Amino acid sequence: MQGPGRPRGSATRRRDAGHLVILAVTALAARGCTQPSDTELFATVEETIEIVETRPAQGATGVARSSPVELCLSRTIDPGAIDRTHVAIFSGAVWFDSTLEIQLFATHPDPSDPDDRPWCPGSVISVRPRGAFEGGIQYRVRVQPSAIGWAGEPLDTETAGWVAPDSEDELPLFWLEFTTAEELEDPSPEIPGPTLEELFAPGAIFDPEATTCGCHREEGSLARALLDLSTPSRAYRDLVLEDRVGSTGYPMVAPRVPAESYLIHTLLRDADGHALRGVLGDPMPPGEPASYAHALSLVRWIEAGALR
């Protein structure tokens with residue numbers, strides 16, 4: 001789910017995808033097995049996004065040296081609007097090269113012990129140095145206000161943690177300070193992500209006996225013609241090998257990058273239960289949203305490389 005995978009900004013990405021929209025409306029709506037949404041696409045945006053929690057907390061000590069720094073946001077953000085140049089790690093005047101991960105669907109910090117719901121109500125910005133943090137050192141993470149929501153919601157820079165600029169030419173900045181533990185903890189065991197075959201197992205999200213994705217298994221249906229979920233091999237063809245982009249400008253599945261996978265975009269809903277701005281049609285599955293466990297299984301599958 002790394003943001004740097006596609007450094008283009010939101011507006012640029014959507015312009016690139018714009019030429020596809022008129023021809024794709026009918027097909028993409030059918031892909032979702034639903035009617036196009038009645039939600040106004042370009043309504044005025046008055047809401048803002050807040051940083052509601054950080055892990056570690058502000059001023060924390062004894063922070064695990066292998067843990068990422070995670071910023072929990074109040075809403076879902078557009079992955080095309082932020083990259084690793086907007087989030088930096090410092091210790092004193094020293095800047096550390098880092099990796100950035102955007103979680104549109106907040107995953108549990110410990111994959112071996114997931115909760116029954118996300119720990120964060122919106123997206124998570126996760127950053128870590130390339131390698132473990134040094135021991136017993138104070139670090140500072142600086143965030144620029146580049147992230148925006150799918151409807152263009154800006155970050156609220158009036159909340160705790162934000163520092164006002166010294167001049168009108170500068171931007172406000174968010175600062176998070178913490179001190180790491182002296183000793184490097186034992187690494188957590190890696191939990192392999194599921195394969196697509198496992199997502200078709202009884203009780204899994206693509207279980208052939210479940211009704212959730214039934215329209216994508218109906219013989220002769222347009223939904224199945226566009227996205228066939230009748231067998232793992234056909235699903236792999238349409239989810240991973242398909243080279244078309246969705247209405248958000250991203251492929252159906254971008255292996256190892258769930259935030260840039262249209263399949264994940266269609267699972268998310270805004271505060272009113274509508275699809276994210278840019279997703280044509282209603283959110284998937286129709287009616288009730290996918291359970292946290294089912295959505296998490298798709299995220300883990302893509303993170304692991306979207307294997308057969």
# chains A, B, ... in the order shown; residues from 1 in each chain; ligands from 1
>>> residues_around(residues="A:Leu239", least_positions_apart="6", cutoff="12 Å", atoms="only C-alpha atoms", output="list in words")
Arg31, Leu196, Leu226, Leu227, Asp228, Leu229, Thr231, Pro232, Ser233, Val245, Gly246, Pro251, Met252, Val253, Ala254, Pro255, Ser261, Tyr262, Leu263, Ile264, Leu298, Trp301, Ile302, Ala306, Leu307 and Arg308 of chain A
>>> write_last_selection(atoms="N, CA, C and O atoms", output="mmCIF file, in the first residue's frame")
data_model
loop_
_atom_site.group_PDB
_atom_site.id
_atom_site.type_symbol
_atom_site.label_atom_id
_atom_site.label_comp_id
_atom_site.auth_asym_id
_atom_site.auth_seq_id
_atom_site.Cartn_x
_atom_site.Cartn_y
_atom_site.Cartn_z
ATOM 1 N N ARG A 31 -20.199 -3.981 -13.649
ATOM 2 C CA ARG A 31 -19.140 -4.690 -12.935
ATOM 3 C C ARG A 31 -19.496 -4.785 -11.466
ATOM 4 O O ARG A 31 -19.246 -5.774 -10.805
ATOM 5 N N LEU A 196 -5.657 -16.651 -3.508
ATOM 6 C CA LEU A 196 -7.001 -16.484 -4.052
ATOM 7 C C LEU A 196 -7.821 -17.750 -3.846
ATOM 8 O O LEU A 196 -9.031 -17.683 -3.584
ATOM 9 N N LEU A 226 -18.027 -9.199 -17.026
ATOM 10 C CA LEU A 226 -17.040 -8.171 -16.708
ATOM 11 C C LEU A 226 -16.153 -8.553 -15.538
ATOM 12 O O LEU A 226 -14.996 -8.142 -15.469
ATOM 13 N N LEU A 227 -16.691 -9.311 -14.606
ATOM 14 C CA LEU A 227 -15.908 -9.764 -13.452
ATOM 15 C C LEU A 227 -16.437 -11.119 -13.027
ATOM 16 O O LEU A 227 -17.453 -11.219 -12.354
ATOM 17 N N ASP A 228 -15.752 -12.144 -13.449
ATOM 18 C CA ASP A 228 -16.192 -13.527 -13.227
ATOM 19 C C ASP A 228 -15.605 -14.051 -11.923
ATOM 20 O O ASP A 228 -14.393 -14.245 -11.811
ATOM 21 N N LEU A 229 -16.486 -14.292 -10.943
ATOM 22 C CA LEU A 229 -16.058 -14.829 -9.658
ATOM 23 C C LEU A 229 -16.565 -16.254 -9.460
ATOM 24 O O LEU A 229 -16.732 -16.707 -8.329
ATOM 25 N N THR A 231 -14.973 -19.073 -10.377
ATOM 26 C CA THR A 231 -13.874 -19.961 -9.982
ATOM 27 C C THR A 231 -12.636 -19.116 -9.684
ATOM 28 O O THR A 231 -12.516 -17.983 -10.196
ATOM 29 N N PRO A 232 -11.691 -19.627 -8.900
ATOM 30 C CA PRO A 232 -10.469 -18.869 -8.629
ATOM 31 C C PRO A 232 -9.687 -18.502 -9.888
ATOM 32 O O PRO A 232 -9.151 -17.401 -9.987
ATOM 33 N N SER A 233 -9.625 -19.404 -10.872
ATOM 34 C CA SER A 233 -8.838 -19.120 -12.079
ATOM 35 C C SER A 233 -9.463 -17.990 -12.888
ATOM 36 O O SER A 233 -8.751 -17.120 -13.404
ATOM 37 N N VAL A 245 -8.375 0.094 -16.262
ATOM 38 C CA VAL A 245 -8.423 0.789 -14.983
ATOM 39 C C VAL A 245 -9.875 1.057 -14.605
ATOM 40 O O VAL A 245 -10.752 1.153 -15.472
ATOM 41 N N GLY A 246 -10.124 1.172 -13.305
ATOM 42 C CA GLY A 246 -11.449 1.513 -12.819
ATOM 43 C C GLY A 246 -11.681 3.006 -12.892
ATOM 44 O O GLY A 246 -10.828 3.782 -13.330
ATOM 45 N N PRO A 251 -5.913 0.201 -11.429
ATOM 46 C CA PRO A 251 -6.311 -1.137 -11.881
ATOM 47 C C PRO A 251 -7.174 -1.834 -10.837
ATOM 48 O O PRO A 251 -7.206 -1.435 -9.674
ATOM 49 N N MET A 252 -7.857 -2.876 -11.259
ATOM 50 C CA MET A 252 -8.691 -3.620 -10.329
ATOM 51 C C MET A 252 -7.877 -4.097 -9.133
ATOM 52 O O MET A 252 -8.281 -3.929 -7.976
ATOM 53 N N VAL A 253 -6.700 -4.682 -9.385
ATOM 54 C CA VAL A 253 -5.800 -5.108 -8.311
ATOM 55 C C VAL A 253 -4.377 -4.718 -8.692
ATOM 56 O O VAL A 253 -3.905 -5.058 -9.777
ATOM 57 N N ALA A 254 -3.721 -3.979 -7.806
ATOM 58 C CA ALA A 254 -2.305 -3.652 -7.957
ATOM 59 C C ALA A 254 -1.555 -4.496 -6.937
ATOM 60 O O ALA A 254 -1.566 -4.177 -5.748
ATOM 61 N N PRO A 255 -0.950 -5.633 -7.351
ATOM 62 C CA PRO A 255 -0.300 -6.524 -6.386
ATOM 63 C C PRO A 255 0.647 -5.781 -5.455
ATOM 64 O O PRO A 255 1.461 -4.963 -5.895
ATOM 65 N N SER A 261 -5.620 -0.182 -5.510
ATOM 66 C CA SER A 261 -6.410 -1.245 -6.129
ATOM 67 C C SER A 261 -7.883 -0.854 -6.122
ATOM 68 O O SER A 261 -8.468 -0.601 -5.070
ATOM 69 N N TYR A 262 -8.476 -0.795 -7.306
ATOM 70 C CA TYR A 262 -9.879 -0.395 -7.427
ATOM 71 C C TYR A 262 -10.803 -1.320 -6.637
ATOM 72 O O TYR A 262 -11.833 -0.889 -6.114
ATOM 73 N N LEU A 263 -10.435 -2.580 -6.521
ATOM 74 C CA LEU A 263 -11.237 -3.525 -5.753
ATOM 75 C C LEU A 263 -11.419 -3.043 -4.317
ATOM 76 O O LEU A 263 -12.514 -3.136 -3.750
ATOM 77 N N ILE A 264 -10.367 -2.502 -3.706
ATOM 78 C CA ILE A 264 -10.452 -1.983 -2.346
ATOM 79 C C ILE A 264 -11.247 -0.683 -2.322
ATOM 80 O O ILE A 264 -12.035 -0.435 -1.393
ATOM 81 N N LEU A 298 -8.997 -9.508 1.826
ATOM 82 C CA LEU A 298 -8.647 -9.004 0.497
ATOM 83 C C LEU A 298 -7.403 -8.121 0.557
ATOM 84 O O LEU A 298 -6.526 -8.205 -0.303
ATOM 85 N N TRP A 301 -4.443 -10.335 1.012
ATOM 86 C CA TRP A 301 -4.162 -11.057 -0.235
ATOM 87 C C TRP A 301 -3.378 -10.166 -1.199
ATOM 88 O O TRP A 301 -2.367 -10.588 -1.776
ATOM 89 N N ILE A 302 -3.819 -8.912 -1.356
ATOM 90 C CA ILE A 302 -3.118 -7.997 -2.263
ATOM 91 C C ILE A 302 -1.741 -7.652 -1.716
ATOM 92 O O ILE A 302 -0.750 -7.608 -2.460
ATOM 93 N N ALA A 306 -1.091 -10.796 -4.311
ATOM 94 C CA ALA A 306 -2.248 -11.262 -5.082
ATOM 95 C C ALA A 306 -1.963 -12.605 -5.746
ATOM 96 O O ALA A 306 -2.091 -12.761 -6.965
ATOM 97 N N LEU A 307 -1.574 -13.571 -4.914
ATOM 98 C CA LEU A 307 -1.193 -14.883 -5.438
ATOM 99 C C LEU A 307 -2.412 -15.746 -5.735
ATOM 100 O O LEU A 307 -3.461 -15.597 -5.130
ATOM 101 N N ARG A 308 -2.220 -16.674 -6.674
ATOM 102 C CA ARG A 308 -3.313 -17.580 -7.033
ATOM 103 C C ARG A 308 -3.698 -18.469 -5.843
ATOM 104 O O ARG A 308 -4.803 -18.876 -5.716
#
>>> residues_around(residues="A:Glu134", least_positions_apart="6", cutoff="12 Å", atoms="only C-alpha atoms", output="number ranges by chain")
A: 62-67, 90-91, 96, 128, 179-185
>>> write_last_selection(atoms="N, CA and C atoms", output="PDB file, in the first residue's frame")
ATOM      1  N   GLY A  62      10.176   4.591  25.202  1.00  0.00           N
ATOM      2  CA  GLY A  62      10.269   3.138  25.124  1.00  0.00           C
ATOM      3  C   GLY A  62       9.558   2.551  23.921  1.00  0.00           C
ATOM      4  N   VAL A  63       9.486   3.305  22.838  1.00  0.00           N
ATOM      5  CA  VAL A  63       8.771   2.864  21.637  1.00  0.00           C
ATOM      6  C   VAL A  63       9.553   1.750  20.942  1.00  0.00           C
ATOM      7  N   ALA A  64       8.868   0.700  20.557  1.00  0.00           N
ATOM      8  CA  ALA A  64       9.502  -0.428  19.879  1.00  0.00           C
ATOM      9  C   ALA A  64      10.229   0.046  18.628  1.00  0.00           C
ATOM     10  N   ARG A  65      11.459  -0.398  18.473  1.00  0.00           N
ATOM     11  CA  ARG A  65      12.309   0.116  17.404  1.00  0.00           C
ATOM     12  C   ARG A  65      11.929  -0.398  16.014  1.00  0.00           C
ATOM     13  N   SER A  66      11.188  -1.497  15.952  1.00  0.00           N
ATOM     14  CA  SER A  66      10.805  -2.029  14.647  1.00  0.00           C
ATOM     15  C   SER A  66       9.389  -1.619  14.245  1.00  0.00           C
ATOM     16  N   SER A  67       8.701  -0.863  15.105  1.00  0.00           N
ATOM     17  CA  SER A  67       7.322  -0.479  14.805  1.00  0.00           C
ATOM     18  C   SER A  67       7.276   0.720  13.868  1.00  0.00           C
ATOM     19  N   PHE A  90      12.995  12.639  11.483  1.00  0.00           N
ATOM     20  CA  PHE A  90      14.213  13.332  11.887  1.00  0.00           C
ATOM     21  C   PHE A  90      14.640  12.868  13.274  1.00  0.00           C
ATOM     22  N   SER A  91      15.917  12.999  13.533  1.00  0.00           N
ATOM     23  CA  SER A  91      16.457  12.947  14.893  1.00  0.00           C
ATOM     24  C   SER A  91      17.462  14.079  14.966  1.00  0.00           C
ATOM     25  N   PHE A  96      16.103  10.924   7.979  1.00  0.00           N
ATOM     26  CA  PHE A  96      16.217   9.504   7.681  1.00  0.00           C
ATOM     27  C   PHE A  96      15.379   9.158   6.455  1.00  0.00           C
ATOM     28  N   ARG A 128       8.090   4.535   8.244  1.00  0.00           N
ATOM     29  CA  ARG A 128       9.190   3.952   9.017  1.00  0.00           C
ATOM     30  C   ARG A 128      10.499   4.187   8.279  1.00  0.00           C
ATOM     31  N   THR A 179      10.460   8.741  21.856  1.00  0.00           N
ATOM     32  CA  THR A 179      11.799   8.204  22.125  1.00  0.00           C
ATOM     33  C   THR A 179      11.744   6.689  22.065  1.00  0.00           C
ATOM     34  N   THR A 180      12.697   6.088  21.389  1.00  0.00           N
ATOM     35  CA  THR A 180      12.696   4.639  21.199  1.00  0.00           C
ATOM     36  C   THR A 180      13.294   3.904  22.402  1.00  0.00           C
ATOM     37  N   ALA A 181      12.980   2.620  22.485  1.00  0.00           N
ATOM     38  CA  ALA A 181      13.543   1.760  23.523  1.00  0.00           C
ATOM     39  C   ALA A 181      15.027   1.524  23.253  1.00  0.00           C
ATOM     40  N   GLU A 182      15.756   1.181  24.297  1.00  0.00           N
ATOM     41  CA  GLU A 182      17.193   0.902  24.135  1.00  0.00           C
ATOM     42  C   GLU A 182      17.425  -0.373  23.350  1.00  0.00           C
ATOM     43  N   GLU A 183      16.693  -1.427  23.692  1.00  0.00           N
ATOM     44  CA  GLU A 183      16.922  -2.745  23.092  1.00  0.00           C
ATOM     45  C   GLU A 183      16.014  -2.956  21.889  1.00  0.00           C
ATOM     46  N   LEU A 184      16.534  -3.703  20.916  1.00  0.00           N
ATOM     47  CA  LEU A 184      15.744  -4.073  19.743  1.00  0.00           C
ATOM     48  C   LEU A 184      14.967  -5.334  20.070  1.00  0.00           C
ATOM     49  N   GLU A 185      13.656  -5.254  19.960  1.00  0.00           N
ATOM     50  CA  GLU A 185      12.798  -6.388  20.295  1.00  0.00           C
ATOM     51  C   GLU A 185      12.922  -7.492  19.247  1.00  0.00           C
TER      52      GLU A 185
END
>>> atom_distance(atom1="atom CA of A:Thr99", atom2="atom CA of A:Val69")
10.7 Å
>>> select_by_dssp(residues="stretch 48-272 of chain A", states="alpha helix (DSSP H)", output="list in words")
Leu196, Glu197, Glu198, Leu199, Leu222, Ala223, Arg224, Ala225, Leu226, Pro232, Ser233, Arg234, Ala235, Tyr236, Tyr262, Leu263, Ile264, His265, Thr266 and Leu267 of chain A
>>> closest_residue(among="A:Glu53, A:Asp78, A:Glu47, A:Glu177", to="A:Gly249", atoms="only C-alpha atoms")
A:Asp78
>>> closest_residue(among="A:Val124, A:Val94, A:Ile82, A:Val279", to="A:Thr107", atoms="only C-alpha atoms")
A:Val124
>>> closest_residue(among="A:Pro208, A:Gly278, A:Pro289, A:Pro165", to="A:Ala235", atoms="only C-alpha atoms")
A:Pro208
>>> residues_around(residues="A:Arg224", least_positions_apart="6", cutoff="8 Å", atoms="only C-alpha atoms", output="number ranges by chain")
A: 31, 215-218
>>> closest_residue(among="A:Thr212, A:Thr76, A:Thr248, A:Ser297", to="A:Met284", atoms="only C-alpha atoms")
A:Thr212
>>> select_by_dssp(residues="stretch 22-247 of chain A", states="strand (DSSP E or B)", output="ChimeraX atom specification")
/A:49,51-55,60-63,69-73,77,87-91,94-96,98-103,124-129,138-143,148-149,154-155,162-163,173-180,245
>>> residues_around(residues="A:Pro145", least_positions_apart="2", cutoff="7 Å", atoms="only C-alpha atoms", output="PyMOL selection string")
chain A and resi 143+147+155+173
>>> residues_around(residues="A:Val299", least_positions_apart="5", cutoff="12 Å", atoms="only C-alpha atoms", output="ChimeraX atom specification")
/A:1,102-108,111,193-196,199,205,253-265,267,292-294,304-306
>>> closest_residue(among="A:Ser74, A:Gln58, A:Ser146, A:Ser167", to="A:Val87", atoms="only C-alpha atoms")
A:Ser146
>>> closest_residue(among="A:Thr54, A:Ser188, A:Ser123, A:Ser247", to="A:Ile148", atoms="only C-alpha atoms")
A:Ser123
>>> residues_around(residues="A:Val127", least_positions_apart="6", cutoff="7 Å", atoms="only C-alpha atoms", output="ChimeraX atom specification")
/A:68-70,98-101
>>> decode(residues="stretch 248-275 of chain A", atoms="N, CA, C and O atoms", output="PDB file, in the first residue's frame")
ATOM      1  N   THR A 248     -11.633   5.200 -10.702  1.00  0.00           N
ATOM      2  CA  THR A 248     -10.739   6.012  -9.870  1.00  0.00           C
ATOM      3  C   THR A 248      -9.360   6.179 -10.499  1.00  0.00           C
ATOM      4  O   THR A 248      -8.501   6.865  -9.948  1.00  0.00           O
ATOM      5  N   GLY A 249      -9.138   5.528 -11.643  1.00  0.00           N
ATOM      6  CA  GLY A 249      -7.861   5.662 -12.325  1.00  0.00           C
ATOM      7  C   GLY A 249      -6.842   4.614 -11.946  1.00  0.00           C
ATOM      8  O   GLY A 249      -5.676   4.709 -12.335  1.00  0.00           O
ATOM      9  N   TYR A 250      -7.261   3.588 -11.218  1.00  0.00           N
ATOM     10  CA  TYR A 250      -6.347   2.537 -10.783  1.00  0.00           C
ATOM     11  C   TYR A 250      -6.821   1.181 -11.306  1.00  0.00           C
ATOM     12  O   TYR A 250      -8.013   0.992 -11.593  1.00  0.00           O
ATOM     13  N   PRO A 251      -5.913   0.201 -11.429  1.00  0.00           N
ATOM     14  CA  PRO A 251      -6.311  -1.137 -11.881  1.00  0.00           C
ATOM     15  C   PRO A 251      -7.174  -1.834 -10.837  1.00  0.00           C
ATOM     16  O   PRO A 251      -7.206  -1.435  -9.674  1.00  0.00           O
ATOM     17  N   MET A 252      -7.857  -2.876 -11.259  1.00  0.00           N
ATOM     18  CA  MET A 252      -8.691  -3.620 -10.329  1.00  0.00           C
ATOM     19  C   MET A 252      -7.877  -4.097  -9.133  1.00  0.00           C
ATOM     20  O   MET A 252      -8.281  -3.929  -7.976  1.00  0.00           O
ATOM     21  N   VAL A 253      -6.700  -4.682  -9.385  1.00  0.00           N
ATOM     22  CA  VAL A 253      -5.800  -5.108  -8.311  1.00  0.00           C
ATOM     23  C   VAL A 253      -4.377  -4.718  -8.692  1.00  0.00           C
ATOM     24  O   VAL A 253      -3.905  -5.058  -9.777  1.00  0.00           O
ATOM     25  N   ALA A 254      -3.721  -3.979  -7.806  1.00  0.00           N
ATOM     26  CA  ALA A 254      -2.305  -3.652  -7.957  1.00  0.00           C
ATOM     27  C   ALA A 254      -1.555  -4.496  -6.937  1.00  0.00           C
ATOM     28  O   ALA A 254      -1.566  -4.177  -5.748  1.00  0.00           O
ATOM     29  N   PRO A 255      -0.950  -5.633  -7.351  1.00  0.00           N
ATOM     30  CA  PRO A 255      -0.300  -6.524  -6.386  1.00  0.00           C
ATOM     31  C   PRO A 255       0.647  -5.781  -5.455  1.00  0.00           C
ATOM     32  O   PRO A 255       1.461  -4.963  -5.895  1.00  0.00           O
ATOM     33  N   ARG A 256       0.483  -6.050  -4.158  1.00  0.00           N
ATOM     34  CA  ARG A 256       1.265  -5.486  -3.056  1.00  0.00           C
ATOM     35  C   ARG A 256       0.873  -4.044  -2.707  1.00  0.00           C
ATOM     36  O   ARG A 256       1.433  -3.467  -1.779  1.00  0.00           O
ATOM     37  N   VAL A 257      -0.075  -3.469  -3.433  1.00  0.00           N
ATOM     38  CA  VAL A 257      -0.470  -2.079  -3.140  1.00  0.00           C
ATOM     39  C   VAL A 257      -1.999  -1.985  -3.044  1.00  0.00           C
ATOM     40  O   VAL A 257      -2.664  -1.504  -3.963  1.00  0.00           O
ATOM     41  N   PRO A 258      -2.583  -2.398  -1.927  1.00  0.00           N
ATOM     42  CA  PRO A 258      -4.041  -2.338  -1.800  1.00  0.00           C
ATOM     43  C   PRO A 258      -4.612  -0.934  -1.975  1.00  0.00           C
ATOM     44  O   PRO A 258      -5.707  -0.767  -2.509  1.00  0.00           O
ATOM     45  N   ALA A 259      -3.890   0.095  -1.522  1.00  0.00           N
ATOM     46  CA  ALA A 259      -4.401   1.461  -1.617  1.00  0.00           C
ATOM     47  C   ALA A 259      -4.582   1.904  -3.058  1.00  0.00           C
ATOM     48  O   ALA A 259      -5.344   2.833  -3.329  1.00  0.00           O
ATOM     49  N   GLU A 260      -3.899   1.243  -3.996  1.00  0.00           N
ATOM     50  CA  GLU A 260      -3.993   1.604  -5.405  1.00  0.00           C
ATOM     51  C   GLU A 260      -4.730   0.524  -6.191  1.00  0.00           C
ATOM     52  O   GLU A 260      -4.520   0.361  -7.388  1.00  0.00           O
ATOM     53  N   SER A 261      -5.620  -0.182  -5.510  1.00  0.00           N
ATOM     54  CA  SER A 261      -6.410  -1.245  -6.129  1.00  0.00           C
ATOM     55  C   SER A 261      -7.883  -0.854  -6.122  1.00  0.00           C
ATOM     56  O   SER A 261      -8.468  -0.601  -5.070  1.00  0.00           O
ATOM     57  N   TYR A 262      -8.476  -0.795  -7.306  1.00  0.00           N
ATOM     58  CA  TYR A 262      -9.879  -0.395  -7.427  1.00  0.00           C
ATOM     59  C   TYR A 262     -10.803  -1.320  -6.637  1.00  0.00           C
ATOM     60  O   TYR A 262     -11.833  -0.889  -6.114  1.00  0.00           O
ATOM     61  N   LEU A 263     -10.435  -2.580  -6.521  1.00  0.00           N
ATOM     62  CA  LEU A 263     -11.237  -3.525  -5.753  1.00  0.00           C
ATOM     63  C   LEU A 263     -11.419  -3.043  -4.317  1.00  0.00           C
ATOM     64  O   LEU A 263     -12.514  -3.136  -3.750  1.00  0.00           O
ATOM     65  N   ILE A 264     -10.367  -2.502  -3.706  1.00  0.00           N
ATOM     66  CA  ILE A 264     -10.452  -1.983  -2.346  1.00  0.00           C
ATOM     67  C   ILE A 264     -11.247  -0.683  -2.322  1.00  0.00           C
ATOM     68  O   ILE A 264     -12.035  -0.435  -1.393  1.00  0.00           O
ATOM     69  N   HIS A 265     -11.102   0.146  -3.339  1.00  0.00           N
ATOM     70  CA  HIS A 265     -11.859   1.397  -3.396  1.00  0.00           C
ATOM     71  C   HIS A 265     -13.363   1.129  -3.363  1.00  0.00           C
ATOM     72  O   HIS A 265     -14.122   1.875  -2.732  1.00  0.00           O
ATOM     73  N   THR A 266     -13.790   0.072  -4.053  1.00  0.00           N
ATOM     74  CA  THR A 266     -15.227  -0.204  -4.120  1.00  0.00           C
ATOM     75  C   THR A 266     -15.786  -0.708  -2.799  1.00  0.00           C
ATOM     76  O   THR A 266     -17.002  -0.678  -2.591  1.00  0.00           O
ATOM     77  N   LEU A 267     -14.939  -1.202  -1.908  1.00  0.00           N
ATOM     78  CA  LEU A 267     -15.412  -1.713  -0.614  1.00  0.00           C
ATOM     79  C   LEU A 267     -15.711  -0.594   0.377  1.00  0.00           C
ATOM     80  O   LEU A 267     -16.513  -0.774   1.300  1.00  0.00           O
ATOM     81  N   LEU A 268     -15.064   0.550   0.211  1.00  0.00           N
ATOM     82  CA  LEU A 268     -15.150   1.618   1.196  1.00  0.00           C
ATOM     83  C   LEU A 268     -16.385   2.486   0.980  1.00  0.00           C
ATOM     84  O   LEU A 268     -16.844   2.666  -0.146  1.00  0.00           O
ATOM     85  N   ARG A 269     -16.881   3.050   2.074  1.00  0.00           N
ATOM     86  CA  ARG A 269     -18.066   3.916   2.031  1.00  0.00           C
ATOM     87  C   ARG A 269     -17.787   5.184   2.810  1.00  0.00           C
ATOM     88  O   ARG A 269     -17.007   5.168   3.762  1.00  0.00           O
ATOM     89  N   ASP A 270     -18.455   6.263   2.401  1.00  0.00           N
ATOM     90  CA  ASP A 270     -18.302   7.497   3.160  1.00  0.00           C
ATOM     91  C   ASP A 270     -19.221   7.482   4.375  1.00  0.00           C
ATOM     92  O   ASP A 270     -19.901   6.483   4.648  1.00  0.00           O
ATOM     93  N   ALA A 271     -19.268   8.601   5.092  1.00  0.00           N
ATOM     94  CA  ALA A 271     -20.050   8.657   6.331  1.00  0.00           C
ATOM     95  C   ALA A 271     -21.537   8.445   6.099  1.00  0.00           C
ATOM     96  O   ALA A 271     -22.263   8.027   7.000  1.00  0.00           O
ATOM     97  N   ASP A 272     -22.006   8.713   4.871  1.00  0.00           N
ATOM     98  CA  ASP A 272     -23.423   8.541   4.553  1.00  0.00           C
ATOM     99  C   ASP A 272     -23.715   7.188   3.920  1.00  0.00           C
ATOM    100  O   ASP A 272     -24.845   6.933   3.485  1.00  0.00           O
ATOM    101  N   GLY A 273     -22.696   6.345   3.818  1.00  0.00           N
ATOM    102  CA  GLY A 273     -22.900   5.018   3.235  1.00  0.00           C
ATOM    103  C   GLY A 273     -22.763   4.967   1.732  1.00  0.00           C
ATOM    104  O   GLY A 273     -23.018   3.920   1.123  1.00  0.00           O
ATOM    105  N   HIS A 274     -22.383   6.078   1.102  1.00  0.00           N
ATOM    106  CA  HIS A 274     -22.209   6.099  -0.346  1.00  0.00           C
ATOM    107  C   HIS A 274     -20.807   5.641  -0.724  1.00  0.00           C
ATOM    108  O   HIS A 274     -19.897   5.615   0.104  1.00  0.00           O
ATOM    109  N   ALA A 275     -20.635   5.321  -1.996  1.00  0.00           N
ATOM    110  CA  ALA A 275     -19.302   4.975  -2.500  1.00  0.00           C
ATOM    111  C   ALA A 275     -18.388   6.191  -2.414  1.00  0.00           C
ATOM    112  O   ALA A 275     -18.841   7.337  -2.379  1.00  0.00           O
TER     113      ALA A 275
END
